[in-house]
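Everything below belongs to data.cif, which stores mmCIF, C-alpha atoms.
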```cif
data_my_file
#
loop_
_atom_site.label_atom_id
_atom_site.label_comp_id
_atom_site.auth_asym_id
_atom_site.auth_seq_id
_atom_site.Cartn_x
_atom_site.Cartn_y
_atom_site.Cartn_z
CA MET A 1 5.36 25.47 45.46
CA LYS A 2 4.61 23.46 48.58
CA VAL A 3 8.13 22.72 49.85
CA ILE A 4 11.26 24.89 49.76
CA GLY A 5 14.47 23.03 50.46
CA ALA A 6 17.03 25.00 52.46
CA GLY A 7 19.61 22.24 52.85
CA LEU A 8 23.10 22.22 51.37
CA PRO A 9 24.28 19.80 48.69
CA ARG A 10 25.40 16.36 49.91
CA THR A 11 22.71 16.19 52.59
CA GLY A 12 20.67 13.48 50.90
CA THR A 13 18.97 15.84 48.46
CA LEU A 14 18.59 13.30 45.63
CA SER A 15 17.07 10.75 47.99
CA THR A 16 14.80 13.44 49.41
CA ARG A 17 13.85 14.52 45.93
CA ALA A 18 12.76 10.98 45.11
CA ALA A 19 10.69 10.93 48.30
CA LEU A 20 9.04 14.29 47.59
CA GLU A 21 8.23 13.30 44.03
CA GLN A 22 6.51 10.21 45.38
CA LEU A 23 4.58 12.23 47.97
CA LEU A 24 3.83 15.51 46.19
CA GLY A 25 4.86 15.52 42.54
CA PRO A 26 7.66 17.14 40.52
CA CYS A 27 10.60 18.40 42.58
CA TYR A 28 13.25 20.84 41.35
CA HIS A 29 16.86 19.92 42.11
CA GLY A 30 20.37 21.18 41.43
CA ALA A 31 20.55 18.58 38.66
CA THR A 32 17.46 20.02 36.94
CA PRO A 33 19.18 22.88 35.07
CA MET A 34 22.23 20.70 34.35
CA VAL A 35 20.58 17.83 32.50
CA GLU A 36 16.78 18.15 32.54
CA ARG A 37 16.15 21.81 31.77
CA PRO A 38 19.43 23.26 30.43
CA GLU A 39 17.58 26.40 29.36
CA HIS A 40 17.34 27.21 33.08
CA MET A 41 21.10 27.49 33.59
CA GLN A 42 21.39 31.07 32.41
CA PHE A 43 18.61 32.17 34.80
CA TRP A 44 20.54 30.88 37.83
CA ILE A 45 23.89 32.17 36.57
CA ALA A 46 22.45 35.65 36.11
CA ALA A 47 20.59 35.60 39.45
CA LEU A 48 23.75 34.70 41.36
CA ASN A 49 25.78 37.34 39.55
CA ARG A 50 23.16 40.02 40.30
CA GLU A 51 22.41 38.72 43.80
CA GLU A 52 18.77 39.12 42.95
CA LEU A 53 15.93 36.72 42.19
CA ASP A 54 13.34 38.10 39.78
CA THR A 55 9.93 37.23 41.24
CA GLU A 56 7.97 36.83 38.00
CA LYS A 57 10.69 34.90 36.20
CA THR A 58 11.07 32.64 39.22
CA LYS A 59 7.36 31.85 39.28
CA GLU A 60 7.46 31.08 35.57
CA LEU A 61 10.54 28.88 35.95
CA LEU A 62 9.12 26.89 38.85
CA ALA A 63 5.49 26.75 37.72
CA ASP A 64 5.54 23.00 37.09
CA TYR A 65 7.15 22.02 40.40
CA GLU A 66 5.70 21.23 43.82
CA ALA A 67 9.01 21.38 45.67
CA GLY A 68 12.70 22.23 45.23
CA LEU A 69 16.02 21.24 46.79
CA ASP A 70 19.79 21.69 46.49
CA LEU A 71 21.89 24.53 45.12
CA PRO A 72 21.24 26.76 43.28
CA PHE A 73 17.59 26.57 44.40
CA SER A 74 18.26 26.25 48.14
CA GLY A 75 20.64 29.22 48.15
CA TRP A 76 17.58 31.43 47.67
CA TYR A 77 15.37 29.93 50.37
CA LYS A 78 14.70 33.32 51.99
CA GLU A 79 13.64 34.94 48.72
CA LEU A 80 11.61 31.88 47.75
CA LEU A 81 9.77 31.97 51.06
CA GLN A 82 8.80 35.57 50.32
CA ILE A 83 7.50 34.50 46.90
CA TYR A 84 5.72 31.44 48.32
CA PRO A 85 4.86 32.47 51.92
CA ASP A 86 2.63 29.44 52.55
CA ALA A 87 5.27 26.91 51.56
CA LYS A 88 6.90 24.62 54.11
CA VAL A 89 10.69 24.65 54.46
CA LEU A 90 12.70 21.44 54.55
CA LEU A 91 16.23 21.66 55.93
CA THR A 92 18.13 18.48 55.07
CA VAL A 93 21.08 17.78 57.38
CA ARG A 94 23.67 15.12 58.22
CA ASP A 95 26.74 14.75 60.42
CA PRO A 96 28.83 17.89 59.68
CA LYS A 97 32.17 16.10 59.36
CA ARG A 98 30.70 13.51 57.01
CA TRP A 99 29.12 16.33 55.03
CA TYR A 100 32.52 18.00 54.68
CA LYS A 101 34.18 14.83 53.37
CA SER A 102 31.32 14.16 50.96
CA ALA A 103 31.19 17.74 49.68
CA LYS A 104 34.95 17.92 49.22
CA PHE A 105 34.86 14.70 47.21
CA LEU A 106 32.00 15.88 44.98
CA TYR A 107 33.55 19.28 44.34
CA TYR A 108 36.95 17.70 43.70
CA VAL A 109 35.30 15.64 40.94
CA ILE A 110 33.50 18.65 39.48
CA GLY A 111 36.50 20.95 39.83
CA THR A 112 38.78 18.49 38.04
CA LEU A 113 36.41 18.35 35.06
CA MET A 114 35.62 22.06 34.97
CA PHE A 115 38.99 23.69 35.71
CA HIS A 116 41.76 21.23 34.83
CA GLN A 117 43.05 20.38 31.38
CA PRO A 118 42.36 18.52 29.17
CA TYR A 119 38.93 18.10 30.76
CA ALA A 120 37.90 21.78 30.77
CA TRP A 121 38.93 22.09 27.12
CA PHE A 122 37.05 18.89 26.31
CA MET A 123 33.79 20.15 27.87
CA SER A 124 33.80 23.23 25.64
CA LEU A 125 34.86 21.23 22.60
CA VAL A 126 31.89 18.87 22.81
CA GLY A 127 29.36 21.71 23.08
CA LEU A 128 28.97 21.85 26.86
CA GLY A 129 30.30 25.37 27.35
CA GLN A 130 27.20 26.63 29.17
CA PHE A 131 27.20 23.54 31.36
CA SER A 132 30.82 24.33 32.24
CA ALA A 133 30.01 27.97 32.99
CA PHE A 134 27.18 26.91 35.31
CA MET A 135 29.33 24.40 37.18
CA GLN A 136 32.34 26.73 37.35
CA GLN A 137 30.15 29.31 39.07
CA GLU A 138 28.76 26.70 41.47
CA THR A 139 32.23 25.41 42.45
CA GLY A 140 34.33 28.56 42.05
CA GLY A 141 37.06 29.14 44.63
CA ILE A 142 36.89 25.79 46.41
CA GLU A 143 40.26 24.94 44.94
CA THR A 144 42.59 27.90 45.42
CA GLY A 145 43.15 29.72 42.15
CA ARG A 146 40.34 27.90 40.31
CA GLY A 147 37.44 30.23 39.58
CA GLN A 148 35.89 32.98 41.66
CA TRP A 149 33.78 32.68 44.76
CA PRO A 150 30.11 33.15 43.85
CA ASN A 151 27.77 35.33 45.82
CA GLY A 152 25.37 34.28 48.56
CA ILE A 153 25.19 30.98 50.42
CA ASN A 154 26.97 29.27 47.55
CA GLY A 155 29.99 31.54 47.98
CA ARG A 156 30.05 31.16 51.78
CA GLN A 157 30.00 27.40 51.38
CA ASN A 158 32.85 27.46 48.86
CA ARG A 159 35.00 29.69 51.07
CA ALA A 160 34.48 27.33 53.98
CA LEU A 161 35.35 24.24 51.93
CA ASN A 162 38.48 25.99 50.69
CA ARG A 163 39.63 26.66 54.26
CA GLY A 164 39.32 23.13 55.58
CA GLU A 165 37.31 20.86 57.83
CA GLN A 166 36.80 22.99 60.93
CA THR A 167 35.74 26.08 58.99
CA SER A 168 33.39 23.92 56.93
CA VAL A 169 31.85 22.31 60.01
CA ASP A 170 31.34 25.76 61.55
CA PHE A 171 29.72 26.98 58.34
CA PHE A 172 27.45 23.93 58.15
CA ASN A 173 26.26 24.35 61.74
CA GLY A 174 25.90 28.09 61.25
CA HIS A 175 23.71 27.53 58.20
CA ILE A 176 21.39 25.31 60.21
CA GLU A 177 21.04 27.96 62.90
CA GLU A 178 20.47 30.67 60.30
CA VAL A 179 17.61 28.74 58.70
CA LYS A 180 16.06 27.94 62.09
CA SER A 181 16.18 31.59 63.11
CA TYR A 182 14.66 32.81 59.83
CA VAL A 183 11.88 30.29 59.16
CA PRO A 184 8.90 30.16 61.54
CA GLU A 185 9.04 27.00 63.61
CA HIS A 186 5.68 25.69 62.38
CA GLN A 187 6.87 25.91 58.77
CA LEU A 188 10.21 24.15 59.24
CA LEU A 189 11.37 20.55 59.39
CA VAL A 190 15.03 19.76 60.08
CA PHE A 191 15.32 16.42 58.33
CA ASN A 192 17.91 13.65 58.13
CA VAL A 193 17.22 11.03 55.46
CA CYS A 194 18.20 8.37 57.99
CA ASP A 195 14.92 9.17 59.79
CA GLY A 196 12.92 7.86 56.84
CA TRP A 197 9.31 8.52 55.95
CA GLU A 198 7.68 9.20 59.33
CA PRO A 199 8.82 12.76 60.16
CA LEU A 200 8.59 13.87 56.54
CA CYS A 201 5.07 12.55 56.00
CA LYS A 202 3.89 13.95 59.32
CA PHE A 203 5.29 17.36 58.37
CA LEU A 204 3.61 17.26 54.95
CA GLU A 205 0.40 15.72 56.31
CA VAL A 206 0.41 12.85 53.84
CA PRO A 207 0.17 9.05 54.30
CA VAL A 208 3.35 7.05 54.85
CA PRO A 209 4.20 4.91 51.79
CA ASP A 210 4.67 1.17 52.20
CA THR A 211 7.95 1.26 50.24
CA PRO A 212 11.49 1.82 51.58
CA PHE A 213 12.74 5.39 51.76
CA PRO A 214 14.89 6.15 48.66
CA ASN A 215 18.68 5.85 48.93
CA ILE A 216 20.51 7.53 46.03
CA ASN A 217 23.87 8.99 45.08
CA ASP A 218 26.56 7.23 47.04
CA ALA A 219 30.24 7.93 46.46
CA ASN A 220 30.76 4.91 44.20
CA GLU A 221 28.15 6.16 41.74
CA VAL A 222 29.68 9.65 41.65
CA GLN A 223 33.09 8.09 41.06
CA PHE A 224 31.65 6.03 38.20
CA VAL A 225 30.31 9.15 36.44
CA PHE A 226 33.67 10.87 36.97
CA ASN A 227 35.59 7.96 35.47
CA THR A 228 33.17 7.78 32.54
CA VAL A 229 33.70 11.44 31.65
CA ARG A 230 37.47 11.10 32.00
CA ALA A 231 37.44 8.08 29.70
CA LEU A 232 35.35 9.92 27.12
CA THR A 233 37.80 12.83 27.28
CA TRP A 234 40.75 10.64 26.39
CA VAL A 235 38.83 8.77 23.69
CA THR A 236 38.12 12.14 22.12
CA MET A 237 41.69 13.36 22.54
CA LEU A 238 43.00 10.31 20.73
CA GLY A 239 40.15 9.97 18.24
CA LEU A 240 40.21 13.53 16.91
CA PRO A 241 43.79 13.44 15.56
CA ALA A 242 43.14 10.01 14.03
CA LEU A 243 40.05 11.23 12.16
CA LEU A 244 41.76 14.37 10.93
CA ALA A 245 44.85 12.43 9.89
CA TYR A 246 42.63 10.03 7.97
CA GLY A 247 41.03 12.87 6.06
CA LEU A 248 44.32 14.59 5.32
CA SER A 249 46.14 11.42 4.27
CA TYR A 250 43.74 10.90 1.38
CA GLY A 251 43.85 14.49 0.18
CA SER A 252 40.89 16.68 -0.60
CA THR A 253 38.71 13.72 -1.61
CA TYR A 254 38.35 12.35 1.92
CA LEU A 255 39.00 15.51 3.92
CA PRO A 256 35.25 16.32 4.17
CA LEU A 257 34.68 12.83 5.58
CA GLY A 258 37.35 13.45 8.20
CA ILE A 259 35.73 16.76 9.13
CA LEU A 260 32.25 15.22 9.29
CA GLY A 261 33.61 12.34 11.34
CA THR A 262 35.21 14.80 13.76
CA MET A 263 31.99 16.77 14.14
CA GLY A 264 30.03 13.57 14.65
CA LEU A 265 32.47 12.38 17.31
CA LEU A 266 32.24 15.66 19.22
CA TRP A 267 28.45 15.71 19.08
CA GLY A 268 28.16 12.08 20.14
CA VAL A 269 30.61 12.38 23.01
CA GLY A 270 28.87 15.50 24.30
CA ARG A 271 25.59 13.60 24.41
CA LEU A 272 27.26 10.70 26.20
CA VAL A 273 28.56 13.04 28.92
CA VAL A 274 25.07 14.43 29.49
CA ARG A 275 23.64 10.90 29.51
CA ALA A 276 26.18 9.72 32.09
CA VAL A 277 25.13 12.52 34.47
CA LYS A 278 21.44 12.15 33.69
CA ASN A 279 21.45 8.41 34.34
CA GLN A 280 22.58 9.13 37.87
CA THR A 281 20.13 11.95 38.61
CA ASP A 282 17.24 10.09 36.99
CA LYS A 283 17.39 7.56 39.81
CA SER A 284 15.52 10.10 41.90
CA LYS A 285 12.63 9.82 39.44
CA GLN A 286 12.42 6.03 39.44
CA HIS A 287 11.01 5.50 42.92
#
```
Since I need it in another form, could you write the structure as structure tokens?
Amino acid sequence: MKVIGAGLPRTGTLSTRAALEQLLGPCYHGATPMVERPEHMQFWIAALNREELDTEKTKELLADYEAGLDLPFSGWYKELLQIYPDAKVLLTVRDPKRWYKSAKFLYYVIGTLMFHQPYAWFMSLVGLGQFSAFMQQETGGIETGRGQWPNGINGRQNRALNRGEQTSVDFFNGHIEEVKSYVPEHQLLVFNVCDGWEPLCKFLEVPVPDTPFPNINDANEVQFVFNTVRALTWVTMLGLPALLAYGLSYGSTYLPLGILGTMGLLWGVGRLVVRAVKNQTDKSKQH
């Protein structure tokens, strides 16, 4: 592990991931357990519940990666620096008020799908229960009465977002100061993606690429994924009764076909949801 990201979500982490993958190799990201390595979700859920990161399991989990960014990874930057003491720490930042608006938008999208009906029911129905549990923990408490605040940095962020702009800006600035006070100055880069390749490459001691710095994950793309999942939810809500009614209307002869059709619809829609999210996050691997 060469680079430990300590920045919060919505600070250009997908763009930075694309840059780090170009410069160093595979980079872990908050999207990794969601759509690339779903077997990792339970590790992060358990770690956050216990407030403890198992050293050996962490090394095994991250063995194939040169860097990591975004929650849940970045919420453990202190523990990760103890595990990888020679790693450099990258603190991604942006204007605090713009971060607040961006984070509130993202977590509104996630919260709607994870906590509100019929979307929460739909996610479980199509076989994405663990995905829902992971995201509910990540976003718990941001909307009053929806989930519980998680532990650690994740929980402090969610409390701040729940309480409004000024509290969130104070939290964001406080996080920056906390990282700067904890990480030795020679190991830390406070980085804004608007600064491009130069400071990042100098920090990592690598040549500057002759390609533009990646620019990924704007609000329009997040909104597109949100609308896609909502559309799939309603297709399923309307399609399920139609398939079951078809099977029942023809008696026992066609009932198995109706049941098989229902199962096939649920399986297919679940895969489409994962694909919609993965198509967005995969953009960080295409640079």
List the neighbours of Lys180 in chain A out to 10 Å using all atoms listed in the file; skip same-chain residues closer than 6 positions along the sequence, and give me the result as a ChimeraX atom specification. /A:89,91,174,187-190
Distance criterion (only C-alpha atoms): nearest to Gln166 in chain A out of A:Glu178, A:Phe226, A:Lys101, A:Gly111: A:Lys101
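In this model, the gap between CA of Trp197 in chain A and CA of Thr58 in chain A comes to 29.4 Å.
When all atoms listed in the file are used to compute distances to Leu20 in chain A, the closest of the residues A:Leu81, A:Ile153, A:Ile4, A:Ala67 turns out to be A:Ala67.
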Evaluate the PyMOL selection byres ((chain A and resi 5) around 10) and report residues as a ChimeraX atom specification: /A:3-4,6-8,13,16-17,27-29,67-71,73-77,80,88-92,188-189
